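data-v3.txt follows; it contains compact mmCIF, C-alpha atoms.
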# COMPACT_ATOMS: atom_id res chain seq x y z
CA MET O 1 -149.23 14.30 -30.59
CA ALA O 2 -146.72 15.10 -33.27
CA ALA O 3 -145.53 18.69 -33.31
CA ALA O 4 -142.91 18.71 -36.07
CA PRO O 5 -144.25 20.47 -39.16
CA VAL O 6 -144.18 19.14 -42.68
CA SER O 7 -144.19 21.90 -45.26
CA ASP O 8 -142.75 22.82 -48.59
CA PRO O 9 -140.05 25.51 -48.19
CA THR O 10 -141.53 27.27 -51.23
CA ASP O 11 -145.01 27.32 -49.69
CA PRO O 12 -145.80 30.73 -48.12
CA ALA O 13 -148.54 29.26 -45.91
CA PRO O 14 -147.84 29.14 -42.14
CA ARG O 15 -146.40 25.93 -40.76
CA ILE O 16 -148.89 23.68 -38.98
CA PRO O 17 -148.61 20.55 -36.80
CA ASN O 18 -148.20 17.29 -38.70
CA ALA O 19 -151.54 16.06 -37.38
CA MET O 20 -153.34 18.87 -39.25
CA VAL O 21 -151.48 18.46 -42.56
CA GLU O 22 -154.07 17.67 -45.22
CA ILE O 23 -153.98 14.28 -46.89
CA GLY O 24 -156.58 13.87 -49.60
CA GLY O 25 -158.33 17.09 -48.61
CA ARG O 26 -158.56 16.60 -44.84
CA PRO O 27 -156.13 16.47 -41.90
CA ILE O 28 -154.18 13.26 -41.43
CA ILE O 29 -155.52 13.02 -37.88
CA THR O 30 -158.98 12.26 -39.26
CA HIS O 31 -157.52 9.38 -41.27
CA VAL O 32 -155.91 8.06 -38.09
CA MET O 33 -159.31 8.25 -36.40
CA ASP O 34 -160.78 6.26 -39.30
CA ILE O 35 -158.36 3.44 -38.48
CA PHE O 36 -159.42 3.35 -34.83
CA SER O 37 -163.13 3.80 -35.53
CA HIS O 38 -163.02 0.81 -37.91
CA PHE O 39 -162.43 -1.21 -34.74
CA ARG O 40 -165.23 0.58 -32.84
CA GLN O 41 -162.95 2.89 -30.87
CA ARG O 42 -165.24 5.90 -30.47
CA ASP O 43 -163.73 8.15 -27.79
CA PHE O 44 -160.75 10.34 -28.65
CA ILE O 45 -158.63 12.87 -26.78
CA ILE O 46 -156.23 15.10 -28.68
CA ALA O 47 -153.34 16.52 -26.69
CA ALA O 48 -152.83 19.72 -28.67
CA GLY O 49 -149.59 21.66 -28.36
CA THR O 50 -148.48 23.97 -31.14
CA GLY O 51 -151.51 24.84 -33.26
CA ALA O 52 -154.08 24.04 -30.56
CA ILE O 53 -156.32 26.91 -31.64
CA GLY O 54 -156.48 25.65 -35.21
CA ILE O 55 -157.24 22.10 -34.06
CA LYS O 56 -160.07 23.35 -31.84
CA GLN O 57 -161.51 25.48 -34.61
CA PHE O 58 -161.41 22.62 -37.08
CA PHE O 59 -163.27 20.15 -34.88
CA ALA O 60 -165.64 22.73 -33.42
CA ASN O 61 -166.82 23.47 -36.96
CA TYR O 62 -166.54 19.96 -38.34
CA ASP O 63 -170.26 19.13 -38.24
CA MET O 64 -171.10 22.47 -39.85
CA LEU O 65 -168.65 21.86 -42.68
CA THR O 66 -169.50 18.24 -43.43
CA HIS O 67 -173.23 17.83 -42.70
CA ASP O 68 -176.14 18.89 -44.85
CA LEU O 69 -177.84 21.86 -43.25
CA THR O 70 -180.99 23.93 -43.39
CA VAL O 71 -180.75 27.69 -42.83
CA CYS O 72 -183.91 29.40 -41.61
CA ILE O 73 -183.28 32.92 -42.88
CA GLY O 74 -184.88 35.54 -40.67
CA ALA O 75 -185.48 33.08 -37.84
CA GLY O 76 -181.79 32.95 -36.99
CA ARG O 77 -181.73 29.18 -36.93
CA VAL O 78 -179.41 26.65 -38.59
CA GLU O 79 -180.38 22.99 -38.50
CA LEU O 80 -177.78 20.31 -39.16
CA GLN O 81 -178.93 17.03 -40.66
CA PRO O 82 -177.64 13.86 -38.96
CA SER O 83 -174.82 12.00 -40.67
CA PRO O 84 -175.51 8.26 -40.46
CA GLY O 85 -172.69 6.03 -39.27
CA VAL O 86 -170.48 8.69 -37.68
CA ALA O 87 -170.71 8.53 -33.87
CA LEU O 88 -167.48 9.75 -32.32
CA THR O 89 -166.71 11.80 -29.23
CA LEU O 90 -163.61 13.96 -29.30
CA SER O 91 -161.96 16.20 -26.73
CA VAL O 92 -159.21 18.68 -27.58
CA VAL O 93 -156.98 19.49 -24.61
CA ASP O 94 -154.55 22.39 -24.80
CA SER O 95 -151.44 20.77 -23.34
CA GLY O 96 -149.16 23.75 -23.94
CA PRO O 97 -147.00 24.65 -26.95
CA ALA O 98 -143.72 24.00 -25.11
CA THR O 99 -144.52 20.50 -23.85
CA ALA O 100 -142.85 17.45 -25.38
CA SER O 101 -144.80 14.36 -26.42
CA GLY O 102 -144.42 12.69 -23.02
CA GLY O 103 -145.41 15.89 -21.24
CA ARG O 104 -148.58 16.21 -23.30
CA LEU O 105 -149.55 12.67 -22.42
CA ARG O 106 -148.73 13.30 -18.78
CA ARG O 107 -151.16 16.24 -18.73
CA LEU O 108 -153.97 13.93 -19.86
CA ARG O 109 -153.58 11.58 -16.92
CA GLY O 110 -156.65 12.86 -15.08
CA ARG O 111 -158.79 12.35 -18.17
CA LEU O 112 -157.50 8.89 -19.07
CA GLY O 113 -158.72 7.22 -15.89
CA THR O 114 -157.58 3.76 -14.82
CA GLU O 115 -158.18 1.77 -18.01
CA THR O 116 -155.83 0.63 -20.75
CA PHE O 117 -155.67 3.23 -23.53
CA LEU O 118 -154.51 3.47 -27.13
CA LEU O 119 -152.13 6.13 -28.36
CA SER O 120 -151.18 7.45 -31.78
CA TYR O 121 -148.73 10.20 -32.65
CA GLY O 122 -151.09 11.25 -35.43
CA ASP O 123 -148.36 11.44 -38.07
CA ALA O 124 -148.38 8.00 -39.72
CA LEU O 125 -150.97 5.76 -41.35
CA GLY O 126 -151.13 1.98 -41.39
CA ASN O 127 -153.68 -0.82 -41.60
CA VAL O 128 -152.87 -1.89 -38.05
CA ASP O 129 -155.30 -4.46 -36.67
CA ILE O 130 -156.26 -2.62 -33.47
CA ASP O 131 -158.14 -5.61 -32.06
CA ALA O 132 -155.09 -7.83 -32.53
CA LEU O 133 -152.83 -5.12 -31.05
CA LEU O 134 -155.02 -4.90 -27.94
CA GLY O 135 -155.21 -8.68 -27.67
CA PHE O 136 -151.42 -8.97 -27.82
CA HIS O 137 -151.04 -6.30 -25.14
CA ARG O 138 -153.49 -7.97 -22.77
CA ARG O 139 -151.84 -11.36 -23.17
CA HIS O 140 -148.32 -10.27 -22.26
CA GLY O 141 -149.40 -8.22 -19.22
CA LYS O 142 -146.69 -5.53 -19.45
CA LEU O 143 -147.22 -1.78 -19.13
CA ALA O 144 -146.70 -0.79 -22.75
CA THR O 145 -146.86 -2.10 -26.30
CA VAL O 146 -145.44 -0.38 -29.36
CA THR O 147 -146.39 -1.34 -32.90
CA ALA O 148 -143.16 -2.30 -34.65
CA VAL O 149 -143.05 -1.70 -38.40
CA ARG O 150 -140.45 -1.86 -41.14
CA PRO O 151 -138.97 1.33 -42.63
CA PRO O 152 -139.44 3.73 -44.43
CA ALA O 153 -138.57 5.76 -41.35
CA ARG O 154 -135.75 7.95 -40.18
CA ALA O 155 -135.45 7.35 -36.45
CA GLY O 156 -136.58 5.32 -33.45
CA ALA O 157 -135.15 1.86 -34.25
CA LEU O 158 -136.26 -0.87 -31.84
CA ASP O 159 -133.81 -3.49 -30.56
CA LEU O 160 -135.94 -6.61 -30.10
CA ARG O 161 -135.34 -9.85 -28.25
CA GLY O 162 -138.29 -11.94 -29.35
CA ASP O 163 -141.24 -9.62 -28.74
CA ARG O 164 -139.58 -7.69 -25.91
CA VAL O 165 -138.08 -4.28 -26.58
CA VAL O 166 -134.65 -4.03 -24.93
CA ASP O 167 -133.53 -0.69 -26.37
CA VAL O 168 -134.81 2.28 -28.38
CA ARG O 169 -132.13 3.72 -30.67
CA GLN O 170 -132.16 7.09 -32.41
CA GLU O 171 -129.70 6.39 -35.23
CA LEU O 172 -130.83 5.43 -38.70
CA PRO O 173 -132.00 1.80 -38.71
CA ALA O 174 -130.69 -0.86 -41.02
CA GLU O 175 -132.98 -2.01 -43.80
CA ASP O 176 -134.08 -5.06 -41.83
CA ALA O 177 -134.72 -3.11 -38.61
CA TRP O 178 -138.05 -2.71 -36.90
CA ILE O 179 -138.99 0.84 -35.95
CA ASN O 180 -141.64 2.52 -33.81
CA GLY O 181 -144.78 2.81 -35.94
CA GLY O 182 -146.55 5.25 -33.62
CA PHE O 183 -149.53 3.07 -32.61
CA LEU O 184 -149.21 2.15 -28.93
CA VAL O 185 -151.15 0.61 -26.05
CA LEU O 186 -150.39 1.81 -22.54
CA GLU O 187 -151.47 1.08 -19.01
CA PRO O 188 -151.98 4.18 -16.82
CA GLU O 189 -148.96 3.16 -14.73
CA ALA O 190 -146.74 3.71 -17.77
CA LEU O 191 -147.27 7.44 -17.25
CA ASP O 192 -145.21 7.17 -14.04
CA TYR O 193 -142.19 7.01 -16.37
CA VAL O 194 -142.87 10.55 -17.64
CA VAL O 195 -141.30 12.80 -15.03
CA ASP O 196 -141.83 16.27 -16.54
CA ASP O 197 -143.26 18.21 -19.46
CA ASP O 198 -139.92 18.27 -21.28
CA ALA O 199 -139.75 14.49 -21.68
CA PRO O 200 -140.27 13.18 -25.23
CA LEU O 201 -142.11 9.89 -24.86
CA GLU O 202 -139.75 8.20 -27.33
CA HIS O 203 -136.59 8.95 -25.34
CA GLY O 204 -136.37 8.57 -21.54
CA PRO O 205 -139.79 7.05 -20.75
CA MET O 206 -139.80 4.40 -23.49
CA MET O 207 -136.14 3.60 -22.97
CA GLN O 208 -136.70 3.09 -19.25
CA LEU O 209 -139.79 0.95 -19.91
CA ALA O 210 -137.63 -1.18 -22.19
CA LEU O 211 -134.85 -1.47 -19.58
CA ASP O 212 -137.43 -2.52 -16.98
CA GLY O 213 -138.82 -5.20 -19.29
CA GLU O 214 -142.18 -3.42 -19.51
CA LEU O 215 -142.21 -2.57 -23.24
CA MET O 216 -143.32 -5.13 -25.81
CA ALA O 217 -143.52 -4.97 -29.60
CA TYR O 218 -146.49 -5.95 -31.75
CA ARG O 219 -145.10 -6.63 -35.23
CA HIS O 220 -147.13 -5.14 -38.07
CA SER O 221 -146.09 -6.29 -41.54
CA GLY O 222 -148.88 -4.61 -43.51
CA PHE O 223 -149.09 -1.12 -44.94
CA TRP O 224 -147.49 1.68 -42.94
CA HIS O 225 -146.14 5.05 -44.02
CA PRO O 226 -145.05 8.13 -42.03
CA LEU O 227 -145.70 11.80 -42.71
CA ASP O 228 -142.19 13.19 -42.36
CA THR O 229 -141.56 14.97 -45.65
CA VAL O 230 -143.32 16.72 -48.50
CA GLU O 231 -142.75 13.56 -50.55
CA ASP O 232 -144.56 11.51 -47.88
CA ARG O 233 -147.48 13.92 -48.09
CA ARG O 234 -147.70 13.52 -51.85
CA PHE O 235 -147.50 9.73 -51.61
CA LEU O 236 -150.25 9.49 -48.99
CA GLY O 237 -152.38 11.95 -50.95
CA ALA O 238 -152.09 9.75 -54.02
CA CYS O 239 -153.18 6.76 -51.92
CA CYS O 240 -156.44 8.57 -51.15
CA LYS O 241 -157.45 8.18 -54.80
CA ALA O 242 -157.95 4.45 -54.29
CA GLU O 243 -161.47 3.21 -53.60
CA VAL O 244 -160.21 2.02 -50.22
CA PRO O 245 -156.95 3.64 -49.08
CA PRO O 246 -154.32 1.11 -47.98
CA TRP O 247 -154.52 2.12 -44.32
CA LEU O 248 -158.19 1.07 -44.29
CA SER O 249 -157.63 -2.19 -46.14
CA PHE O 250 -157.66 -4.85 -43.44
CA PRO O 251 -157.20 -8.29 -45.06
CA ALA O 252 -158.35 -10.24 -42.03
CA ALA O 253 -161.09 -7.87 -40.91
CA GLY O 254 -162.68 -7.00 -44.25
CA PRO O 255 -164.45 -3.70 -44.94
CA PRO O 256 -165.48 -1.26 -42.16
CA ARG O 257 -167.84 -2.90 -39.71
CA ALA O 258 -171.54 -2.19 -40.14
CA ASP O 259 -171.95 -1.63 -36.40
CA GLY O 260 -169.07 0.85 -36.20
CA PRO O 261 -168.69 4.43 -37.34
CA ALA O 262 -168.14 5.08 -41.02
CA PRO O 263 -164.98 6.92 -42.07
CA PHE O 264 -164.98 10.70 -41.93
CA PRO O 265 -166.69 12.19 -45.01
Target encoding structure tokens, full file:
Amino acid sequence: MAAAPVSDPTDPAPRIPNAMVEIGGRPIITHVMDIFSHFRQRDFIIAAGTGAIGIKQFFANYDMLTHDLTVCIGAGRVELQPSPGVALTLSVVDSGPATASGGRLRRLRGRLGTETFLLSYGDALGNVDIDALLGFHRRHGKLATVTAVRPPARAGALDLRGDRVVDVRQELPAEDAWINGGFLVLEPEALDYVVDDDAPLEHGPMMQLALDGELMAYRHSGFWHPLDTVEDRRFLGACCKAEVPPWLSFPAAGPPRADGPAPFP
């Protein structure tokens, strides 16, 4: 859901949403989906604001670009060969270029149904144990869970009392602070806290959830890194050169599950 662009001021290319910034040759959003699909999360909805057309074009053509294909010249037929292991369903919803993060989520309410759902801003990568995150959320019974991580980060410090979030601060955190890592679990009722399209999820809604005692923090001490600057982009790109990038290295879970989708090619 991130809309702030990351670009080099010397780069003449048009600015694009963070979620579509390429890391290792493909948009960071596909790496985020790798993390979720490792834990057999197969259904995705992208709330697209600025750059919605580009996001739709990318995913509409994804199979064509990544699968082997057979072109029957003269017959006007193109046959795509199946890609074993990849079995994801993705919807791209144009939530309006002027909507804030909370407003985009609010516009998805009819599609999200009545079940607990996972949320990512699509602009940070981490080897978050999604099964453990969901288990933590279900045990505490509150409306929302945020994954708390250590810096590097530039905003969104969490004031914790045990595992309960009591405040969400916008000033720079101290070195020992926990900050919002951008991987969340929400109950549908949490959307009642988003009152209009102009509401950033991180400000009023999350602050009010915290004040009402409905926001809990799952502490993640493993790898996590945001995509906020050109330097972040270079760092994450370098990580892609590893046999297994650090955001897909799950010490407790091992390699990607054989019964789940393989990472994007």
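Nearest to Ala242 of chain O of all the residues O:Gly96, O:Arg138, O:Gly24, O:Asp196 is O:Gly24, based on all atoms listed in the file.
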Please identify all polymer residues within 9 Å of Ala217 of chain O, counting all atoms listed in the file, omitting same-chain residues fewer than 4 positions from it, and present them as a CSV table (one decimal) with C-alpha atoms, in the coordinates of the input.
chain,number,residue,atom,x,y,z
O,137,HIS,CA,-151.0,-6.3,-25.1
O,144,ALA,CA,-146.7,-0.8,-22.8
O,145,THR,CA,-146.9,-2.1,-26.3
O,146,VAL,CA,-145.4,-0.4,-29.4
O,147,THR,CA,-146.4,-1.3,-32.9
O,148,ALA,CA,-143.2,-2.3,-34.6
O,158,LEU,CA,-136.3,-0.9,-31.8
O,160,LEU,CA,-135.9,-6.6,-30.1
O,162,GLY,CA,-138.3,-11.9,-29.4
O,163,ASP,CA,-141.2,-9.6,-28.7
O,164,ARG,CA,-139.6,-7.7,-25.9
O,165,VAL,CA,-138.1,-4.3,-26.6
O,180,ASN,CA,-141.6,2.5,-33.8
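Using all atoms listed in the file, the nearest neighbour of Leu236 of chain O within the list O:Ile28, O:Leu80, O:Leu201, O:Leu186 is O:Ile28.
Note that atom CA of Met33 of chain O and atom CA of Asp129 of chain O are 13.3 Å apart.
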Arg26 of chain O surroundings by all atoms listed in the file, 12 Å radius, close-in-sequence under 5 positions cut, as an MDAnalysis selection string: chainID O and resid 19:21 31:34 58:59 62 65:66 233 236:237 240 263:265
Write out as a list in words which residues come within 10 Å of Val128 of chain O when counting all atoms listed in the file, dropping same-chain ones fewer than 6 positions away. Ile35, Phe36, Thr147, Val149, Gly181, Phe183, Tyr218, Arg219, His220, Ser221, Gly222, Phe223, Trp224, Trp247, Leu248, Ser249 and Phe250 of chain O
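All protein, DNA and RNA residues at most 12 Å from (-137.2, 6.2, -13.5) are Ala190, Leu191, Asp192, Tyr193, Val194, Val195, Asp196, Ala199, Gly204, Pro205, Met206, Met207, Gln208, Leu209, Ala210, Leu211 and Asp212 of chain O, using all atoms listed in the file.
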Output for the residues just chosen: C-alpha atoms as a PDB file, keeping the file's coordinate frame:
ATOM      1  CA  ALA O 190    -146.740   3.710 -17.770  1.00  0.00           C
ATOM      2  CA  LEU O 191    -147.270   7.440 -17.250  1.00  0.00           C
ATOM      3  CA  ASP O 192    -145.210   7.170 -14.040  1.00  0.00           C
ATOM      4  CA  TYR O 193    -142.190   7.010 -16.370  1.00  0.00           C
ATOM      5  CA  VAL O 194    -142.870  10.550 -17.640  1.00  0.00           C
ATOM      6  CA  VAL O 195    -141.300  12.800 -15.030  1.00  0.00           C
ATOM      7  CA  ASP O 196    -141.830  16.270 -16.540  1.00  0.00           C
ATOM      8  CA  ALA O 199    -139.750  14.490 -21.680  1.00  0.00           C
ATOM      9  CA  GLY O 204    -136.370   8.570 -21.540  1.00  0.00           C
ATOM     10  CA  PRO O 205    -139.790   7.050 -20.750  1.00  0.00           C
ATOM     11  CA  MET O 206    -139.800   4.400 -23.490  1.00  0.00           C
ATOM     12  CA  MET O 207    -136.140   3.600 -22.970  1.00  0.00           C
ATOM     13  CA  GLN O 208    -136.700   3.090 -19.250  1.00  0.00           C
ATOM     14  CA  LEU O 209    -139.790   0.950 -19.910  1.00  0.00           C
ATOM     15  CA  ALA O 210    -137.630  -1.180 -22.190  1.00  0.00           C
ATOM     16  CA  LEU O 211    -134.850  -1.470 -19.580  1.00  0.00           C
ATOM     17  CA  ASP O 212    -137.430  -2.520 -16.980  1.00  0.00           C
TER      18      ASP O 212
END
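Counting from atom CA of Arg150 of chain O, the distance to atom CA of Val230 of chain O is 20.2 Å.
With distances restricted to only C-alpha atoms, O:Val168 is the closest residue to His203 of chain O from O:Val168, O:Met64, O:Leu112, O:Ala177.
Residues in contact with Thr70 of chain O at 8 Å, where only C-alpha atoms are counted and same-chain residues fewer than 3 positions away are skipped, are listed as Val78, Glu79, Leu80 and Gln81 of chain O.
The coordinates place atom CA of Ile46 of chain O at 11.3 Å from atom CA of Thr30 of chain O.
For the choices O:Val93, O:Leu143, O:Ile179, O:Leu88, the atom-to-atom distance to His38 of chain O is smallest for O:Leu88 when using all atoms listed in the file.
Using all atoms listed in the file, the nearest neighbour of Pro246 of chain O within the list O:Asp159, O:Leu184, O:Gly126, O:Glu231 is O:Gly126.
Distances from O:Gly213, O:Gly141, O:Pro27, O:Pro188 to Asp167 of chain O were compared using only C-alpha atoms, and the smallest one belongs to O:Gly213.
With distances taken from (-152.3, 4.3, -32.6) and restricted to all atoms listed in the file, the residues inside 7 Å are Leu118, Leu119, Ser120, Tyr121, Gly182, Phe183 and Leu184 of chain O.
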Atoms to include: C-alpha atoms. Write the selected residues as a short mmCIF file (atom, residue, chain, number, x, y, z; two decimals), in the coordinates of the input.
data_model
loop_
_atom_site.label_atom_id
_atom_site.label_comp_id
_atom_site.auth_asym_id
_atom_site.auth_seq_id
_atom_site.Cartn_x
_atom_site.Cartn_y
_atom_site.Cartn_z
CA LEU O 118 -154.51 3.47 -27.13
CA LEU O 119 -152.13 6.13 -28.36
CA SER O 120 -151.18 7.45 -31.78
CA TYR O 121 -148.73 10.20 -32.65
CA GLY O 182 -146.55 5.25 -33.62
CA PHE O 183 -149.53 3.07 -32.61
CA LEU O 184 -149.21 2.15 -28.93
#
